[in-house]
Amino acid sequence: MMSLSTGAAVLVALLVGAAGALYAYFTRHFGYWRRRGVPYLRPLPVAGNLKDVLLFRKPFGVVLRDVYTQMKDQPYVGMFFFDQPVLFVKDIELWKTIVIKDCDHFEDRGFAPLQSVGIFSETLFGTKGKKWKQLRTKLSPAFTLGKIRKFYILLEQKAANFDHYFDDVVKSGAPCDVANACARYTMDAIATVGFGIETTALTDDNDPLHRLLRKIFVYSKIFTLVSVATFVDVPLLHLLKVSLVPAPLTDFLRHNVWAAARERLSRGSQGERGDFLDLLLELRDKGRIAVHDDDDDDGDAKAAPDTSAAIYMDGDVLVAQAFSILAAGFDTTSTTMSYALYELAMNEDIQEQLRTQLQETMQKHDGKLTYEALQSVDYLDMIFSETLRKYPVLPFLDRTCTKTYRVPGTDIVLDKGVFAFTSILGIQRDPQYFPEPERFDPERFSDANRRNIPSCCFMPFGEGPHKCVGLRLGYLQGKLGIAHIILNYRVHPCASTPAKMEFNLHSFLISPRDGVPLKFTRVTK
Ligand code: HEM
């Protein structure tokens, strides 16, 4: 029989062995950058270089911005997300080469394993390689200028609801969290243009879709951990079938999107509303969305569909597209709007100039804020762009190396599977490209100044073949909401308005940590 001391010694040896094995497992890739002669940030076992994110000390986007800022003149640096090697790129020319010229070596985004579960796997975020390309080609015609213009009437009705909403705020005399108000407006707007569901989030706390969305977009520690886990393949999460889209939201969309679709199909009224659901039904019935001369496509909408891997737009594939415009367009646009309103409150002169331009434009258009009227307000466009410059809501860009790649001008060879990341927040607040980057200055985006911005230094919607498909919709929806508010109300900072915006620790987007409380007064006509 083993004596107690021998038993204890065996136990200690087993524990030490297990600890050693775990250490070896979690650090097994840590020689990756050293072997290639790439300078790298010293990683910690398990966390790699994500310690501050995992301990909830800094948001992910700020960690990458800090790496960018501390790098001085280095073009790139090696990092590890857990044990996954990441080439963090600061050099704009190299990033441009990766996402544009050599994009065939970087076809996929930088995180995906978990996205293979549930409806996420059928979206532009979840698909990869050939399937992604085919889906993108099929969906792109839905986002041309001509199609987005048709969404305008639907969006206008939702923006008009702001008028009643803020009248109540003015009457109450209390500050209003515009981050919350903008999120509600954006949700109502996306639900109507996306899939023909009339929601009332702006006025009704119990709106069912808004309640479900709050569960994903109210960021929490667990949300951060699951999001970060998408960087690596965690077998346990697969085994548990952890999905990025909660089941109740999937069920809600399945039920409501198909109820709206079936109703149109039974009445033969598909195509009448001109919304995204109509376009998806066109894709389902005809295999493609027609591109017309007035679509003003300057992107990939006219590219020939790749028929070798047909995607049939039916069942959950259709529901997934509705989900993706909701997920991609909801928080991005509303957060940008709330930062714009914050800056307008803090910069009264800019706010007044915008109001004057909006009022003059309305006069020229019979007192109506038509699509053409809105688009002609240059200053609004400049304000929206400057907001996206200072607060790029998605603060980083990510790609996966999909084919062995030699970094141009070096002997460094990246293997398939290595990530490449850059920091949009770092670039867009770099004084080298934007002098006095903390100053909110819409003039940076005047016609004369805009053309002096070096290419790829302003990329809040990304670059290359993965560039945001919803850019035009984001601008339109955001500008329309801001125009409605500024025409009717003055926004002012109040005692609880932060002097400097702090970012939410639990979000991958740079969203305001404590909301955006502002005071409202009515503009007298
Ligand atoms: C202000 C609003 C928005 C911002 C700042 C924004 C930003 C971005 C960024 C940075 C990317 C990554 C691009 C890249 O990797 O190169 C992206 C991708 C994407 N966005 Fe947006 N977005 C906005 C609104 C929207 C809207 C309204 C929609 C939907 C209609 C949308 C749909 C998408 C989709 C589907 C992708 C993935 C594209 C792909 O990988 O093929 N976005 N967006």
# chains A, B, ... in the order shown; residues from 1 in each chain; ligands from 1

$ select_by_dssp --residues "range 60-197 of chain A" --states "strand (DSSP E)" --output "VMD selection string"
chain A and resid 76 to 81 84 to 89 176 to 177

$ write_last_selection --atoms "N, CA, C and O atoms" --output "mmCIF file, in the first residue's frame"
data_model
loop_
_atom_site.group_PDB
_atom_site.id
_atom_site.type_symbol
_atom_site.label_atom_id
_atom_site.label_comp_id
_atom_site.auth_asym_id
_atom_site.auth_seq_id
_atom_site.Cartn_x
_atom_site.Cartn_y
_atom_site.Cartn_z
ATOM 1 N N TYR A 76 4.617 46.971 -38.543
ATOM 2 C CA TYR A 76 3.748 45.889 -38.041
ATOM 3 C C TYR A 76 4.381 45.303 -36.795
ATOM 4 O O TYR A 76 5.579 45.514 -36.513
ATOM 5 N N VAL A 77 3.576 44.576 -36.049
ATOM 6 C CA VAL A 77 4.077 43.917 -34.851
ATOM 7 C C VAL A 77 3.307 42.605 -34.688
ATOM 8 O O VAL A 77 2.141 42.521 -35.105
ATOM 9 N N GLY A 78 3.974 41.590 -34.146
ATOM 10 C CA GLY A 78 3.286 40.315 -33.912
ATOM 11 C C GLY A 78 2.523 40.379 -32.602
ATOM 12 O O GLY A 78 2.981 40.983 -31.628
ATOM 13 N N MET A 79 1.348 39.777 -32.593
ATOM 14 C CA MET A 79 0.556 39.692 -31.351
ATOM 15 C C MET A 79 -0.018 38.277 -31.256
ATOM 16 O O MET A 79 0.072 37.487 -32.205
ATOM 17 N N PHE A 80 -0.642 37.991 -30.136
ATOM 18 C CA PHE A 80 -1.355 36.721 -29.974
ATOM 19 C C PHE A 80 -2.713 36.995 -29.352
ATOM 20 O O PHE A 80 -2.796 37.685 -28.329
ATOM 21 N N PHE A 81 -3.760 36.503 -29.984
ATOM 22 C CA PHE A 81 -5.073 36.504 -29.338
ATOM 23 C C PHE A 81 -5.203 35.091 -28.765
ATOM 24 O O PHE A 81 -5.313 34.131 -29.533
ATOM 25 N N GLN A 84 -3.353 32.361 -30.728
ATOM 26 C CA GLN A 84 -3.491 32.539 -32.179
ATOM 27 C C GLN A 84 -2.604 33.700 -32.653
ATOM 28 O O GLN A 84 -2.774 34.834 -32.192
ATOM 29 N N PRO A 85 -1.637 33.442 -33.576
ATOM 30 C CA PRO A 85 -0.779 34.542 -34.042
ATOM 31 C C PRO A 85 -1.555 35.574 -34.878
ATOM 32 O O PRO A 85 -2.388 35.214 -35.722
ATOM 33 N N VAL A 86 -1.274 36.830 -34.612
ATOM 34 C CA VAL A 86 -1.950 37.937 -35.298
ATOM 35 C C VAL A 86 -0.881 38.921 -35.773
ATOM 36 O O VAL A 86 -0.039 39.338 -34.974
ATOM 37 N N LEU A 87 -0.906 39.278 -37.051
ATOM 38 C CA LEU A 87 -0.010 40.348 -37.510
ATOM 39 C C LEU A 87 -0.789 41.657 -37.380
ATOM 40 O O LEU A 87 -1.779 41.865 -38.095
ATOM 41 N N PHE A 88 -0.354 42.508 -36.454
ATOM 42 C CA PHE A 88 -1.031 43.791 -36.300
ATOM 43 C C PHE A 88 -0.318 44.798 -37.201
ATOM 44 O O PHE A 88 0.888 45.027 -37.067
ATOM 45 N N VAL A 89 -1.062 45.389 -38.142
ATOM 46 C CA VAL A 89 -0.450 46.231 -39.170
ATOM 47 C C VAL A 89 -0.728 47.698 -38.882
ATOM 48 O O VAL A 89 -1.882 48.105 -38.724
ATOM 49 N N CYS A 176 -32.150 63.519 -21.575
ATOM 50 C CA CYS A 176 -32.554 62.304 -22.284
ATOM 51 C C CYS A 176 -31.288 61.592 -22.755
ATOM 52 O O CYS A 176 -30.364 62.235 -23.273
ATOM 53 N N ASP A 177 -31.240 60.284 -22.594
ATOM 54 C CA ASP A 177 -30.097 59.523 -23.107
ATOM 55 C C ASP A 177 -30.305 59.305 -24.608
ATOM 56 O O ASP A 177 -31.101 58.455 -25.026
#

$ closest_atom_pairs --of "chain A" --to "ligand 1" --cutoff "6 Å" --atoms "only C-alpha atoms and all ligand atoms" --output "tab-separated table"
residue	atom	partner	partner_atom_place_in_ligand_line	distance
A:Leu124	CA	ligand 1	41 (O)	5.1
A:Phe125	CA	ligand 1	40 (O)	5.4
A:Arg136	CA	ligand 1	41 (O)	5.9
A:Ile325	CA	ligand 1	29 (C)	4.0
A:Ala328	CA	ligand 1	31 (C)	4.5
A:Gly329	CA	ligand 1	27 (C)	3.4
A:Thr332	CA	ligand 1	2 (C)	4.5
A:Thr333	CA	ligand 1	1 (C)	4.0
A:Thr336	CA	ligand 1	1 (C)	5.7
A:Val393	CA	ligand 1	5 (C)	5.4
A:Leu394	CA	ligand 1	10 (C)	5.1
A:Leu397	CA	ligand 1	15 (O)	5.3
A:Pro460	CA	ligand 1	10 (C)	5.1
A:Phe461	CA	ligand 1	10 (C)	3.9
A:Gly462	CA	ligand 1	16 (O)	3.3
A:Glu463	CA	ligand 1	16 (O)	4.2
A:Gly464	CA	ligand 1	16 (O)	5.9
A:His466	CA	ligand 1	41 (O)	4.0
A:Lys467	CA	ligand 1	16 (O)	3.8
A:Cys468	CA	ligand 1	18 (C)	3.7
A:Val469	CA	ligand 1	33 (C)	5.0
A:Gly470	CA	ligand 1	28 (C)	3.5
A:Leu471	CA	ligand 1	24 (C)	5.5
A:Leu473	CA	ligand 1	27 (C)	5.0
A:Gly474	CA	ligand 1	27 (C)	4.2

$ closest_residue --among "A:Arg513, A:Lys133, A:Arg522, A:Arg472" --to "Arg149 in chain A" --atoms "only C-alpha atoms"
A:Arg472

$ atom_distance --atom1 "CA of Ser324 in chain A" --atom2 "CA of Val193 in chain A"
13.1 Å

$ residues_around --residues "Arg254 in chain A" --least-positions-apart "6" --cutoff "10 Å" --atoms "only C-alpha atoms" --output "VMD selection string"
chain A and resid 119 248 315 to 316 318 to 320 322 to 323

$ write_last_selection --atoms "C-alpha atoms" --output "PDB file, in the first residue's frame"
ATOM      1  CA  ILE A 119     -28.401  31.407 -38.709  1.00  0.00           C
ATOM      2  CA  PRO A 248     -35.569  33.369 -28.943  1.00  0.00           C
ATOM      3  CA  GLY A 315     -36.071  29.069 -45.256  1.00  0.00           C
ATOM      4  CA  ASP A 316     -33.431  30.064 -42.717  1.00  0.00           C
ATOM      5  CA  LEU A 318     -33.613  34.236 -45.973  1.00  0.00           C
ATOM      6  CA  VAL A 319     -34.145  34.759 -42.238  1.00  0.00           C
ATOM      7  CA  ALA A 320     -30.375  34.987 -41.802  1.00  0.00           C
ATOM      8  CA  ALA A 322     -32.865  39.762 -42.289  1.00  0.00           C
ATOM      9  CA  PHE A 323     -30.914  39.082 -39.113  1.00  0.00           C
TER      10      PHE A 323
END

$ residues_around --residues "Lys416 in chain A" --least-positions-apart "3" --cutoff "9 Å" --atoms "only C-alpha atoms" --output "ChimeraX atom specification"
/A:105,400-405,419

$ select_by_dssp --residues "range 46-119 of chain A" --states "helix (DSSP H, G or I)" --output "ChimeraX atom specification"
/A:51-54,60-70,92-101,103-105,113-116,118-119

$ residues_around --residues "Met459 in chain A" --least-positions-apart "5" --cutoff "12 Å" --atoms "only C-alpha atoms" --output "PyMOL selection string"
chain A and resi 92+95-96+99+385-386+388-397+422-429+453-454+464+466-468+471

$ closest_residue --among "A:Arg399, A:Lys368, A:Arg355, A:Arg451" --to "Ala483 in chain A" --atoms "only C-alpha atoms"
A:Arg355

$ closest_residue --among "A:Cys494, A:Leu135, A:Ala9, A:Ala183" --to "Ser334 in chain A" --atoms "only C-alpha atoms"
A:Ala183

$ residues_around --residues "Leu476 in chain A" --least-positions-apart "6" --cutoff "9 Å" --atoms "only C-alpha atoms" --output "list in words"
Ile148, Arg149, Tyr152, Leu155, Tyr371, Leu374 and Gln375 of chain A

$ closest_residue --among "A:Ala201, A:Val516, A:Val245, A:Leu55" --to "Glu502 in chain A" --atoms "only C-alpha atoms"
A:Val516

$ atom_distance --atom1 "CA of Leu280 in chain A" --atom2 "CA of Met313 in chain A"
7.0 Å

$ residues_around --residues "Asp398 in chain A" --least-positions-apart "6" --cutoff "6 Å" --atoms "only C-alpha atoms" --output "list in words"
Arg109, Gly110, Ala420 and Phe421 of chain A

$ closest_residue --among "A:Thr203, A:Asn347, A:Ser338, A:Ser220" --to "Val178 in chain A" --atoms "only C-alpha atoms"
A:Ser338

$ atom_distance --atom1 "CA of Tyr342 in chain A" --atom2 "CA of Ala495 in chain A"
13.3 Å

$ closest_atom_pairs --of "range 468-507 of chain A" --to "range 185-191 of chain A" --cutoff "9 Å" --atoms "only C-alpha atoms" --output "tab-separated table"
residue	atom	partner	partner_atom	distance
A:Gln477	CA	A:Thr186	CA	7.5
A:Gly478	CA	A:Thr186	CA	8.2
A:Gly481	CA	A:Tyr185	CA	7.9

$ write_last_selection --atoms "C-alpha atoms" --output "short mmCIF file (atom, residue, chain, number, x, y, z; two decimals), in the first residue's frame"
data_model
loop_
_atom_site.label_atom_id
_atom_site.label_comp_id
_atom_site.auth_asym_id
_atom_site.auth_seq_id
_atom_site.Cartn_x
_atom_site.Cartn_y
_atom_site.Cartn_z
CA GLN A 477 -30.75 56.56 -41.87
CA GLY A 478 -28.30 58.37 -39.59
CA GLY A 481 -32.61 61.05 -37.86
#
